[in-house]
$ cat target.txt   # compact mmCIF, C-alpha atoms
# COMPACT_ATOMS: atom_id res chain seq x y z
CA MET A 26 0.00 0.00 0.00
CA THR A 27 3.02 2.28 -0.08
CA GLU A 28 3.70 4.20 -3.30
CA ARG A 29 6.92 5.60 -1.92
CA GLY A 30 9.03 2.99 -0.23
CA MET A 31 9.62 3.00 3.50
CA LEU A 32 12.83 3.81 5.34
CA ILE A 33 13.98 0.85 7.44
CA ILE A 34 16.87 0.93 9.88
CA LEU A 35 18.64 -2.21 11.04
CA SER A 36 21.21 -2.16 13.81
CA GLY A 37 22.79 -4.82 15.97
CA PRO A 38 26.16 -6.09 17.10
CA SER A 39 28.79 -6.88 14.52
CA GLY A 40 28.76 -10.63 13.93
CA CYS A 41 25.10 -11.25 14.71
CA GLY A 42 24.24 -11.94 11.09
CA LYS A 43 22.74 -8.69 9.76
CA GLY A 44 24.28 -9.08 6.32
CA THR A 45 23.15 -12.69 5.88
CA MET A 46 19.66 -11.78 7.11
CA LEU A 47 19.35 -8.91 4.62
CA LYS A 48 20.50 -11.08 1.71
CA GLU A 49 17.42 -13.25 2.31
CA VAL A 50 15.10 -10.34 3.07
CA VAL A 51 15.75 -8.64 -0.27
CA LYS A 52 14.82 -11.87 -2.07
CA ARG A 53 11.46 -12.07 -0.31
CA THR A 54 10.35 -8.42 -0.07
CA ALA A 55 10.48 -5.10 -1.92
CA CYS A 56 13.47 -4.11 0.24
CA GLU A 57 16.79 -2.90 -1.11
CA VAL A 58 19.87 -2.33 1.02
CA SER A 59 21.23 1.18 0.71
CA VAL A 60 24.95 1.29 -0.11
CA SER A 61 26.94 3.24 2.49
CA ALA A 62 29.71 5.71 1.78
CA THR A 63 33.15 5.56 3.37
CA THR A 64 36.63 7.04 3.15
CA ARG A 65 38.37 3.81 4.14
CA ASP A 66 40.32 1.95 1.47
CA PRO A 67 38.50 -0.79 -0.45
CA ARG A 68 39.39 -4.31 0.74
CA GLU A 69 40.18 -7.03 -1.75
CA GLY A 70 37.13 -7.85 -3.84
CA GLU A 71 35.14 -4.81 -2.73
CA ILE A 72 33.51 -2.96 -5.61
CA ASP A 73 32.80 0.78 -5.59
CA GLY A 74 29.05 1.39 -5.62
CA VAL A 75 28.27 -2.20 -4.61
CA HIS A 76 29.87 -2.78 -1.21
CA TYR A 77 30.48 0.90 -0.49
CA HIS A 78 30.69 4.22 -2.25
CA PHE A 79 34.40 4.87 -1.79
CA PHE A 80 35.19 8.56 -1.41
CA THR A 81 38.28 10.55 -0.66
CA ARG A 82 38.26 12.47 2.60
CA GLU A 83 37.89 15.72 0.70
CA ASP A 84 34.99 14.46 -1.35
CA PHE A 85 33.22 13.08 1.73
CA GLU A 86 33.62 16.38 3.59
CA LYS A 87 32.31 18.27 0.58
CA ARG A 88 29.17 16.14 0.75
CA ILE A 89 28.79 16.77 4.48
CA VAL A 90 29.01 20.53 3.89
CA GLY A 91 26.63 20.22 0.92
CA ASN A 92 24.03 18.53 3.20
CA GLU A 93 24.11 15.40 1.06
CA MET A 94 24.47 12.97 3.98
CA LEU A 95 21.51 11.48 5.82
CA GLU A 96 23.89 10.54 8.66
CA TYR A 97 27.60 10.07 9.08
CA ALA A 98 30.17 9.30 11.74
CA GLN A 99 33.91 8.85 12.12
CA TYR A 100 35.53 5.60 13.24
CA CYS A 101 39.26 4.88 13.30
CA ASN A 102 39.95 8.08 11.45
CA ASN A 103 37.59 7.20 8.58
CA TYR A 104 34.19 8.57 7.68
CA TYR A 105 31.20 6.25 7.25
CA GLY A 106 27.78 7.50 6.26
CA THR A 107 24.61 7.32 4.19
CA LEU A 108 24.04 9.46 1.12
CA LYS A 109 20.53 10.94 0.97
CA GLU A 110 20.56 10.22 -2.73
CA SER A 111 21.18 6.48 -2.23
CA VAL A 112 18.11 6.24 -0.01
CA GLU A 113 15.99 8.50 -2.18
CA SER A 114 16.64 6.62 -5.41
CA ILE A 115 15.40 3.40 -3.74
CA ARG A 116 12.33 4.93 -2.10
CA SER A 117 11.21 6.86 -5.15
CA GLN A 118 10.94 3.54 -7.02
CA GLY A 119 8.50 2.31 -4.37
CA LYS A 120 11.10 0.04 -2.80
CA HIS A 121 11.94 0.09 0.88
CA ALA A 122 15.43 1.40 1.65
CA VAL A 123 17.15 -0.64 4.36
CA LEU A 124 20.03 1.03 6.18
CA GLU A 125 22.35 -1.26 8.08
CA ILE A 126 23.87 1.30 10.43
CA GLU A 127 25.32 1.82 13.87
CA VAL A 128 23.33 3.00 16.86
CA GLN A 129 24.53 6.62 16.78
CA GLY A 130 23.57 7.15 13.15
CA ALA A 131 20.29 5.35 13.74
CA LEU A 132 19.33 7.59 16.66
CA LYS A 133 20.02 10.65 14.54
CA ILE A 134 17.79 9.35 11.73
CA MET A 135 15.02 8.43 14.21
CA GLU A 136 14.89 12.06 15.33
CA GLU A 137 14.67 13.47 11.83
CA HIS A 138 12.55 10.68 10.33
CA PRO A 139 10.03 9.53 12.94
CA ASP A 140 8.35 7.51 10.18
CA ALA A 141 11.36 5.21 9.87
CA VAL A 142 10.84 1.57 10.81
CA THR A 143 13.54 0.65 13.31
CA ILE A 144 14.74 -2.87 14.02
CA PHE A 145 17.47 -4.03 16.39
CA THR A 146 18.74 -7.55 15.98
CA LEU A 147 20.48 -9.60 18.65
CA PRO A 148 22.00 -13.06 18.82
CA PRO A 149 20.38 -15.34 21.43
CA THR A 150 23.27 -14.90 23.89
CA LEU A 151 26.62 -13.13 24.15
CA ALA A 152 28.36 -16.52 24.13
CA GLU A 153 26.74 -17.21 20.76
CA LEU A 154 27.91 -13.82 19.45
CA ARG A 155 31.46 -14.70 20.46
CA ARG A 156 31.12 -18.10 18.79
CA ARG A 157 29.90 -16.49 15.54
CA LEU A 158 32.69 -13.93 15.51
CA GLU A 159 35.29 -16.66 16.12
CA LYS A 160 33.76 -18.88 13.43
CA ARG A 161 34.07 -16.11 10.83
CA GLY A 162 37.81 -16.30 11.45
CA THR A 163 38.36 -12.88 9.85
CA GLU A 164 39.24 -10.99 13.04
CA THR A 165 41.98 -11.34 15.61
CA GLN A 166 41.06 -12.25 19.20
CA GLU A 167 41.70 -8.62 20.15
CA VAL A 168 39.23 -7.33 17.56
CA ILE A 169 36.68 -9.93 18.68
CA GLU A 170 36.98 -8.67 22.26
CA GLN A 171 36.50 -5.09 21.02
CA ARG A 172 33.37 -6.10 19.13
CA ILE A 173 31.96 -7.89 22.18
CA ALA A 174 32.69 -4.82 24.31
CA ARG A 175 31.00 -2.63 21.74
CA ALA A 176 27.95 -4.94 21.63
CA ILE A 177 27.62 -4.63 25.41
CA GLU A 178 27.76 -0.83 25.08
CA GLU A 179 25.08 -0.81 22.37
CA ILE A 180 22.54 -3.09 24.03
CA PRO A 181 20.94 -0.38 26.23
CA PHE A 182 20.02 1.45 22.99
CA ALA A 183 18.11 -1.56 21.67
CA GLU A 184 15.06 -0.33 23.60
CA ARG A 185 14.98 2.82 21.45
CA TYR A 186 14.10 0.67 18.41
CA GLN A 187 10.51 -0.32 17.58
CA TYR A 188 11.24 -3.99 17.02
CA ILE A 189 13.70 -6.59 18.28
CA VAL A 190 14.53 -9.53 16.04
CA TRP A 191 16.30 -12.29 17.93
CA ASN A 192 18.58 -14.04 15.50
CA ASP A 193 18.64 -17.52 16.93
CA LYS A 194 17.78 -19.40 13.75
CA LEU A 195 18.46 -17.37 10.60
CA GLU A 196 15.27 -18.55 8.91
CA ASP A 197 13.07 -17.38 11.79
CA ALA A 198 14.87 -14.05 12.00
CA VAL A 199 14.37 -13.47 8.26
CA ASP A 200 10.73 -14.42 8.63
CA ASP A 201 10.27 -11.93 11.49
CA PHE A 202 11.97 -9.17 9.49
CA CYS A 203 9.76 -9.84 6.46
CA ALA A 204 6.62 -9.86 8.65
CA ILE A 205 7.60 -6.47 10.06
CA VAL A 206 8.01 -5.05 6.55
CA GLN A 207 4.64 -6.46 5.47
CA ALA A 208 2.84 -5.27 8.61
CA GLU A 209 4.33 -1.77 8.38
CA ALA A 210 3.16 -1.49 4.76
CA ASN A 211 -0.38 -2.05 6.13
CA ARG A 212 -0.15 0.95 8.47
CA THR A 213 -3.25 3.10 8.22
CA LYS A 214 -1.24 6.16 7.10
CA TYR A 215 -0.46 4.45 3.79
CA SER A 216 -4.15 3.74 3.16
CA LYS A 217 -5.48 7.26 3.71
CA GLU A 218 -5.76 8.06 0.01
CA ARG A 219 -7.41 4.74 -0.74
CA ILE A 220 -9.88 5.20 2.12
CA GLY A 221 -10.68 8.64 0.66
CA ALA A 222 -11.30 7.11 -2.77
CA PHE A 223 -13.41 4.38 -1.19
CA THR A 224 -15.56 6.96 0.59
CA LYS A 225 -15.97 9.03 -2.56
CA SER A 226 -17.23 5.97 -4.43
CA CYS A 227 -20.19 5.94 -2.01
CA MET B 10 8.25 -13.19 22.43
CA THR B 11 4.98 -12.56 24.30
CA GLU B 12 4.33 -14.63 27.42
CA ARG B 13 0.89 -13.15 27.82
CA GLY B 14 -1.05 -13.05 24.58
CA MET B 15 -1.89 -9.78 22.87
CA LEU B 16 -5.29 -8.15 22.53
CA ILE B 17 -6.24 -7.74 18.87
CA ILE B 18 -9.29 -5.86 17.64
CA LEU B 19 -10.76 -6.42 14.19
CA SER B 20 -13.51 -4.21 12.80
CA GLY B 21 -14.91 -3.67 9.34
CA PRO B 22 -18.19 -3.59 7.45
CA SER B 23 -20.54 -6.53 7.74
CA GLY B 24 -20.03 -8.71 4.67
CA CYS B 25 -16.39 -7.89 4.04
CA GLY B 26 -15.21 -11.32 5.13
CA LYS B 27 -14.01 -10.88 8.72
CA GLY B 28 -15.25 -14.30 9.83
CA THR B 29 -13.71 -16.17 6.90
CA MET B 30 -10.45 -14.29 7.40
CA LEU B 31 -10.27 -15.19 11.10
CA LYS B 32 -10.98 -18.86 10.43
CA GLU B 33 -7.72 -18.96 8.43
CA VAL B 34 -5.79 -16.73 10.83
CA VAL B 35 -6.40 -19.02 13.83
CA LYS B 36 -4.99 -21.94 11.83
CA ARG B 37 -1.76 -20.10 11.09
CA THR B 38 -1.09 -18.13 14.30
CA ALA B 39 -1.45 -18.32 18.08
CA CYS B 40 -4.68 -16.28 17.77
CA GLU B 41 -8.02 -17.31 19.23
CA VAL B 42 -11.28 -15.52 18.55
CA SER B 43 -13.01 -14.36 21.72
CA VAL B 44 -16.67 -15.46 21.92
CA SER B 45 -19.04 -12.50 22.35
CA ALA B 46 -22.01 -12.34 24.66
CA THR B 47 -25.52 -11.39 23.57
CA THR B 48 -29.12 -11.28 24.74
CA ARG B 49 -30.55 -12.05 21.31
CA ASP B 50 -32.08 -15.47 20.71
CA PRO B 51 -29.85 -18.20 19.27
CA ARG B 52 -30.42 -18.79 15.54
CA GLU B 53 -30.73 -22.30 14.21
CA GLY B 54 -27.48 -24.19 14.61
CA GLU B 55 -25.91 -21.64 16.96
CA ILE B 56 -24.31 -23.20 20.04
CA ASP B 57 -24.02 -21.43 23.40
CA GLY B 58 -20.36 -20.76 24.20
CA VAL B 59 -19.27 -21.39 20.61
CA HIS B 60 -21.03 -18.80 18.47
CA TYR B 61 -22.07 -16.58 21.36
CA HIS B 62 -22.54 -16.69 25.08
CA PHE B 63 -26.33 -16.41 25.21
CA PHE B 64 -27.54 -14.52 28.25
CA THR B 65 -30.91 -13.31 29.48
CA ARG B 66 -31.31 -9.58 29.69
CA GLU B 67 -31.17 -9.76 33.48
CA ASP B 68 -28.01 -11.81 33.48
CA PHE B 69 -26.31 -9.50 30.99
CA GLU B 70 -27.22 -6.43 33.05
CA LYS B 71 -25.92 -8.11 36.20
CA ARG B 72 -22.58 -8.56 34.43
CA ILE B 73 -22.54 -4.92 33.34
CA VAL B 74 -23.13 -3.79 36.91
CA GLY B 75 -20.54 -6.30 38.15
CA ASN B 76 -17.93 -4.74 35.81
CA GLU B 77 -17.50 -8.04 34.00
CA MET B 78 -17.79 -6.57 30.48
CA LEU B 79 -14.79 -5.28 28.53
CA GLU B 80 -17.25 -3.44 26.25
CA TYR B 81 -20.93 -3.70 25.38
CA ALA B 82 -23.55 -1.95 23.30
CA GLN B 83 -27.25 -2.25 22.46
CA TYR B 84 -28.53 -2.89 18.94
CA CYS B 85 -32.15 -3.55 18.00
CA ASN B 86 -33.08 -3.85 21.66
CA ASN B 87 -30.47 -6.52 22.35
CA TYR B 88 -27.17 -6.32 24.21
CA TYR B 89 -23.92 -7.40 22.57
CA GLY B 90 -20.60 -7.36 24.36
CA THR B 91 -17.30 -8.93 25.36
CA LEU B 92 -16.74 -10.64 28.69
CA LYS B 93 -13.45 -9.70 30.31
CA GLU B 94 -13.14 -13.33 31.36
CA SER B 95 -13.35 -14.61 27.75
CA VAL B 96 -10.44 -12.40 26.75
CA GLU B 97 -8.42 -13.09 29.88
CA SER B 98 -8.65 -16.87 29.62
CA ILE B 99 -7.17 -16.69 26.11
CA ARG B 100 -4.41 -14.20 26.93
CA SER B 101 -3.30 -15.94 30.12
CA GLN B 102 -2.54 -19.05 28.03
CA GLY B 103 -0.15 -16.97 25.91
CA LYS B 104 -2.58 -16.88 23.01
CA HIS B 105 -3.68 -13.66 21.30
CA ALA B 106 -7.34 -12.80 21.88
CA VAL B 107 -9.01 -11.49 18.72
CA LEU B 108 -12.17 -9.44 19.17
CA GLU B 109 -14.35 -9.03 16.12
CA ILE B 110 -16.30 -5.98 17.22
CA GLU B 111 -18.04 -2.84 15.99
CA VAL B 112 -16.40 0.56 15.84
CA GLN B 113 -18.00 1.96 19.01
CA GLY B 114 -16.87 -0.93 21.20
CA ALA B 115 -13.44 -0.85 19.55
CA LEU B 116 -12.95 2.86 20.28
CA LYS B 117 -13.83 2.27 23.93
CA ILE B 118 -11.28 -0.56 24.21
CA MET B 119 -8.59 1.53 22.44
CA GLU B 120 -8.95 4.18 25.18
CA GLU B 121 -8.65 1.71 28.03
CA HIS B 122 -6.13 -0.62 26.38
CA PRO B 123 -3.68 1.47 24.35
CA ASP B 124 -1.59 -1.70 23.92
CA ALA B 125 -4.30 -3.34 21.82
CA VAL B 126 -3.44 -4.08 18.20
CA THR B 127 -6.19 -2.56 16.06
CA ILE B 128 -7.03 -3.64 12.52
CA PHE B 129 -9.77 -2.35 10.23
CA THR B 130 -10.61 -4.42 7.18
CA LEU B 131 -12.26 -3.15 4.02
CA PRO B 132 -13.38 -4.70 0.76
CA PRO B 133 -11.69 -3.23 -2.34
CA THR B 134 -14.78 -1.16 -3.25
CA LEU B 135 -18.31 -0.51 -2.05
CA ALA B 136 -19.65 -2.21 -5.16
CA GLU B 137 -17.74 -5.35 -4.13
CA LEU B 138 -19.19 -5.13 -0.61
CA ARG B 139 -22.69 -5.00 -2.09
CA ARG B 140 -21.86 -7.97 -4.32
CA ARG B 141 -20.62 -10.01 -1.34
CA LEU B 142 -23.67 -9.19 0.75
CA GLU B 143 -25.98 -10.15 -2.14
CA LYS B 144 -24.02 -13.36 -2.78
CA ARG B 145 -24.50 -14.47 0.85
CA GLY B 146 -28.20 -14.42 0.11
CA THR B 147 -29.06 -14.38 3.82
CA GLU B 148 -30.36 -10.82 3.99
CA THR B 149 -33.19 -8.96 2.31
CA GLN B 150 -32.38 -6.08 -0.04
CA GLU B 151 -33.50 -3.69 2.69
CA VAL B 152 -31.05 -5.15 5.21
CA ILE B 153 -28.29 -5.03 2.57
CA GLU B 154 -28.95 -1.32 2.05
CA GLN B 155 -28.81 -0.80 5.82
CA ARG B 156 -25.46 -2.57 6.00
CA ILE B 157 -24.07 -0.51 3.12
CA ALA B 158 -25.29 2.67 4.83
CA ARG B 159 -23.68 1.54 8.08
CA ALA B 160 -20.39 0.75 6.28
CA ILE B 161 -20.36 4.28 4.88
CA GLU B 162 -20.89 5.67 8.39
CA GLU B 163 -18.08 3.57 9.83
CA ILE B 164 -15.40 4.31 7.24
CA PRO B 165 -14.26 7.62 8.75
CA PHE B 166 -13.35 5.68 11.90
CA ALA B 167 -11.02 3.37 9.97
CA GLU B 168 -8.27 5.96 10.42
CA ARG B 169 -8.40 5.47 14.19
CA TYR B 170 -7.09 1.92 13.73
CA GLN B 171 -3.36 1.13 13.47
CA TYR B 172 -3.63 -1.09 10.42
CA ILE B 173 -5.85 -1.39 7.36
CA VAL B 174 -6.19 -4.78 5.71
CA TRP B 175 -7.77 -4.54 2.26
CA ASN B 176 -9.66 -7.74 1.66
CA ASP B 177 -9.42 -8.02 -2.10
CA LYS B 178 -8.16 -11.58 -2.24
CA LEU B 179 -8.84 -13.53 0.94
CA GLU B 180 -5.43 -15.22 0.88
CA ASP B 181 -3.58 -11.89 0.76
CA ALA B 182 -5.74 -10.43 3.51
CA VAL B 183 -5.07 -13.43 5.75
CA ASP B 184 -1.37 -13.12 4.99
CA ASP B 185 -1.39 -9.43 5.94
CA PHE B 186 -3.26 -10.16 9.17
CA CYS B 187 -0.78 -12.91 10.12
CA ALA B 188 2.18 -10.63 9.32
CA ILE B 189 0.73 -7.96 11.63
CA VAL B 190 0.40 -10.50 14.45
CA GLN B 191 3.98 -11.70 13.92
CA ALA B 192 5.42 -8.19 13.68
CA GLU B 193 3.56 -6.99 16.78
CA ALA B 194 4.94 -9.95 18.75
CA ASN B 195 8.41 -8.59 17.88
CA ARG B 196 7.70 -5.20 19.47
CA THR B 197 10.56 -4.12 21.71
CA LYS B 198 8.31 -3.97 24.78
CA TYR B 199 7.95 -7.77 24.72
CA SER B 200 11.74 -8.24 24.63
CA LYS B 201 12.63 -6.03 27.60
CA GLU B 202 13.09 -8.92 30.01
CA ARG B 203 15.13 -10.88 27.52
CA ILE B 204 17.33 -7.86 26.79
CA GLY B 205 17.84 -7.53 30.56
CA ALA B 206 18.88 -11.17 30.80
CA PHE B 207 21.17 -10.77 27.78
CA THR B 208 22.88 -7.79 29.41
CA LYS B 209 23.28 -9.60 32.73
CA SER B 210 24.99 -12.50 30.95
CA CYS B 211 27.78 -10.06 30.01
$ encode --input "target.txt" --output "structure tokens"
Amino acid sequence: MTERGMLIILSGPSGCGKGTMLKEVVKRTACEVSVSATTRDPREGEIDGVHYHFFTREDFEKRIVGNEMLEYAQYCNNYYGTLKESVESIRSQGKHAVLEIEVQGALKIMEEHPDAVTIFTLPPTLAELRRRLEKRGTETQEVIEQRIARAIEEIPFAERYQYIVWNDKLEDAVDDFCAIVQAEANRTKYSKERIGAFTKSC
Amino acid sequence: MTERGMLIILSGPSGCGKGTMLKEVVKRTACEVSVSATTRDPREGEIDGVHYHFFTREDFEKRIVGNEMLEYAQYCNNYYGTLKESVESIRSQGKHAVLEIEVQGALKIMEEHPDAVTIFTLPPTLAELRRRLEKRGTETQEVIEQRIARAIEEIPFAERYQYIVWNDKLEDAVDDFCAIVQAEANRTKYSKERIGAFTKSC
């Protein structure tokens, strides 16, 4: 019932399966994941415009000044953010733009876009998060400990999100995410025009 | 994620398929339809406690005075209403109690139970509503006109509900209803305890 797509925010600890979840969600719904922008160097195999929009520091800062960013933040001396245009080009096609972003950026967007659908995903336990991070085998033990520490810091903010999706079994988590998208598209606000037309047909 | 079941209200014009929809919904979700109470006489084939709780006028009024009704109203010199106990016995089992009720009763419950999930269902057009009422063949043309007139009166209240389910194809409407139930069960408020436990496990 939505002509213009919705804005959907997904946050959750690194390693809890957000990327895998979204890969399935886009197959089953009219969702598209918005590509983030960053100033960090591309890793092997990363394609500009697919994994990230890779910008120079100067270019990124120009876009901040030009009010082209929906949100942005600095980590480890690099900028990360969301281009308004990336989101807009998805939504204007009637697709739902999904932003996989950190808590700070999410809180900023919630303030400016109270219509956004906000989802926080969590693994069943912290022990399971550690297991998943170790299984990936892409990070050192030190980085894993940092990610766990960061997850613990972020958890109190989970209550600021509208929905919690517990990612115990991937399939169930995907199913919950898809149900949220479908339910939100049935919100009364998106039917106002159609109710008007219905009434006029009386 | 809900230990205690939710309270779900469904309203919509007579003849738009609420009963058929709910028959499918209870098969696919943890929903149970709450049995209403009435003082009207049972029709052929109607079973006390299944289709309605049939009460005498005196008994119904005793329950009103005793504060046993969640909502009630009078139509055509008969009482219709919802027993608090009917709803409570469903919710305390962890099932979601679905109330198929009229707009006036629904608005009263919305005030007292802001946590209730509220859904208004509509046929695609008024012409289709008329067609469905005529197809049922159970009402005279006069009654059909009354129902259409009543539908027109009720439509402005649709915007007071959280969700609109357009019942064009039954299967899609059932699917939307089930998605709403699933999404609502993922509301952050139902995960607060689990988030607390997650944090304590740190």
$ atom_distance --input "target.txt" --atom1 "CA of Cys187 (chain B)" --atom2 "CA of Arg212 (chain A)"
14.0 Å
$ atom_distance --input "target.txt" --atom1 "CA of Pro132 (chain B)" --atom2 "CA of Ala82 (chain B)"
24.9 Å
$ closest_residue --input "target.txt" --among "B:Pro22, B:Gly14, B:Gly114, B:Gly146" --to "Val96 (chain B)" --atoms "only C-alpha atoms"
B:Gly14
$ atom_distance --input "target.txt" --atom1 "CA of Thr81 (chain A)" --atom2 "CA of Arg65 (chain A)"
8.3 Å
$ residues_around --input "target.txt" --residues "Phe186 (chain B)" --least-positions-apart "4" --cutoff "8 Å" --atoms "all atoms listed in the file" --output "CSV table (one decimal) with C-alpha atoms, in the coordinates of the input"
chain,number,residue,atom,x,y,z
A,208,ALA,CA,2.8,-5.3,8.6
B,34,VAL,CA,-5.8,-16.7,10.8
B,174,VAL,CA,-6.2,-4.8,5.7
B,182,ALA,CA,-5.7,-10.4,3.5
B,190,VAL,CA,0.4,-10.5,14.4
$ residues_near_point --input "target.txt" --point "(0.9, -1.4, 5.3)" --cutoff "9 Å" --atoms "only C-alpha atoms" --output "number ranges by chain"
A: 26-27, 206-216; B: 172-174, 185
$ residues_around --input "target.txt" --residues "region 110-112 of chain B" --least-positions-apart "2" --cutoff "9 Å" --atoms "all atoms listed in the file" --output "ChimeraX atom specification"
/B:18-22,45,90-91,108,114-117,163,166-167
$ residues_around --input "target.txt" --residues "Lys120 (chain A)" --least-positions-apart "2" --cutoff "6 Å" --atoms "only C-alpha atoms" --output "PDB file with C-alpha atoms, in the coordinates of the input"
ATOM      1  CA  GLY A  30       9.030   2.990  -0.230  1.00  0.00           C
ATOM      2  CA  ALA A  55      10.480  -5.100  -1.920  1.00  0.00           C
ATOM      3  CA  CYS A  56      13.470  -4.110   0.240  1.00  0.00           C
ATOM      4  CA  ILE A 115      15.400   3.400  -3.740  1.00  0.00           C
ATOM      5  CA  ARG A 116      12.330   4.930  -2.100  1.00  0.00           C
ATOM      6  CA  GLN A 118      10.940   3.540  -7.020  1.00  0.00           C
TER       7      GLN A 118
END
$ closest_residue --input "target.txt" --among "B:Ser43, B:Ser23, B:Gln83, B:Thr208" --to "Ile173 (chain A)" --atoms "all atoms listed in the file"
B:Thr208
$ closest_residue --input "target.txt" --among "B:Glu154, B:Glu67, B:Arg139, B:Thr134" --to "chain A" --atoms "all atoms listed in the file"
B:Thr134
$ closest_residue --input "target.txt" --among "B:Leu131, B:Arg140, B:Gly205, B:Arg145" --to "Pro181 (chain A)" --atoms "all atoms listed in the file"
B:Gly205
$ decode --input "target.txt" --residues "region 71-96 of chain A" --atoms "C-alpha atoms" --output "PDB file, in the first residue's frame"
ATOM      1  CA  GLU A  71      35.139  -4.811  -2.727  1.00  0.00           C
ATOM      2  CA  ILE A  72      33.511  -2.961  -5.608  1.00  0.00           C
ATOM      3  CA  ASP A  73      32.803   0.784  -5.590  1.00  0.00           C
ATOM      4  CA  GLY A  74      29.048   1.386  -5.620  1.00  0.00           C
ATOM      5  CA  VAL A  75      28.274  -2.202  -4.612  1.00  0.00           C
ATOM      6  CA  HIS A  76      29.873  -2.782  -1.212  1.00  0.00           C
ATOM      7  CA  TYR A  77      30.481   0.900  -0.490  1.00  0.00           C
ATOM      8  CA  HIS A  78      30.691   4.218  -2.250  1.00  0.00           C
ATOM      9  CA  PHE A  79      34.397   4.865  -1.789  1.00  0.00           C
ATOM     10  CA  PHE A  80      35.185   8.558  -1.414  1.00  0.00           C
ATOM     11  CA  THR A  81      38.280  10.550  -0.655  1.00  0.00           C
ATOM     12  CA  ARG A  82      38.256  12.475   2.604  1.00  0.00           C
ATOM     13  CA  GLU A  83      37.889  15.724   0.705  1.00  0.00           C
ATOM     14  CA  ASP A  84      34.988  14.458  -1.350  1.00  0.00           C
ATOM     15  CA  PHE A  85      33.217  13.082   1.732  1.00  0.00           C
ATOM     16  CA  GLU A  86      33.625  16.376   3.588  1.00  0.00           C
ATOM     17  CA  LYS A  87      32.311  18.273   0.576  1.00  0.00           C
ATOM     18  CA  ARG A  88      29.172  16.140   0.747  1.00  0.00           C
ATOM     19  CA  ILE A  89      28.792  16.775   4.481  1.00  0.00           C
ATOM     20  CA  VAL A  90      29.011  20.529   3.885  1.00  0.00           C
ATOM     21  CA  GLY A  91      26.630  20.219   0.919  1.00  0.00           C
ATOM     22  CA  ASN A  92      24.029  18.530   3.197  1.00  0.00           C
ATOM     23  CA  GLU A  93      24.110  15.405   1.061  1.00  0.00           C
ATOM     24  CA  MET A  94      24.475  12.973   3.984  1.00  0.00           C
ATOM     25  CA  LEU A  95      21.511  11.477   5.821  1.00  0.00           C
ATOM     26  CA  GLU A  96      23.886  10.543   8.656  1.00  0.00           C
TER      27      GLU A  96
END
